[in-house]
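In what follows, a structure is listed as structure tokens, so that the remarks can point back to it.
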Amino acid sequence: MPVRAERFQLRNRALHVFTEALRVFKFMELLDNAPKEVSGEFLQKIGNLMNESQTSCRDLFDCSCPELDILCDVARAHGSYGSRLTGAGWGGCSVHLMSQDKVDEIRQAWKEEYYNKYKPGLSEGQLDNAIVVSKPGSGAALYKVLE
């Protein structure tokens with residue numbers, strides 16, 4: 001049974017994988033050379049890479065979904081430096097880079113522009129479970145235990 005090449009979108013998916021790898025290297029380089037005092041300009045640079053990733057996930061790899069796209073668009077419109085899906089895609093979770101002073105505004109915008117419209121009737125508890133606010137940490141570490 002012949003299979004049409006456009007069905008698998010091989011070119012687009014490969015292009016996403018290669019450009020995503022490049023974005024990871026650019027992100028690492030920015031973090032490795034981060035200024036001691038992090039500025040909005042620096043955050044916007046890494047945020048732009050996150051935004052490019054979301055666009056690529058949506059347009060080239062075809063692994064986003066309308067709900068994630070809306071959440072990312074709303075967050076960006078209200079001050080997120082960068083917004084993208086996280087995990088494998090096709091629904092699920094998103095991650096957003098924002099300053100502390102934007103958390104409440106973006107949370108409220110999601111409530112009004114997404115949850116009330118597409119998921120009406122959620123309780124505050126359910127909303128709290130849907131929107132998890134966290135701060136970046138130091139990352140993974142390896143400890144050598146001496147005997």
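Identifiers in the structure tokens: chain A, B, ... in order shown; residue index from 1 per chain; ligand index from 1 in order shown.
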
Practice task
Run DSSP on the backbone of this structure and report the residues of chain A it assigns to helix (DSSP H, G or I), as a PyMOL selection string.
Solution key: chain A and resi 5-8+10-32+40-59+66-77+100-118+124-130

Problem - Spatial neighbours of range 33-50 of chain A, max dist 7 Å, only C-alpha atoms, sep filter under 2 positions, as a PyMOL selection string - result: chain A and resi 23+27+29-31+52-54+81-84+97

Practice task
Report the residues of range 47-143 of chain A whose backbone DSSP state falls under strand (DSSP E or B), written as a count of residues only.
Solution key: 10

Exercise for the section: Would you mind listing what lies within 8 Å of Leu60 in chain A as an NGL selection string, with only C-alpha atoms counted and same-chain residues fewer than 6 positions away left out? Expected result: :A and (12-13 or 15-16)

Handout entry: 10 Å contact set for range 120-131 of chain A, only C-alpha atoms, chain neighbours under 4 positions out, as a PyMOL selection string
Key = chain A and resi 93-94+107+110-112+114-116

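Distances to Thr86 in chain A were evaluated for A:Val24, A:Ala141, A:Leu68, A:Val133 using only C-alpha atoms, and the minimum falls at A:Leu68.
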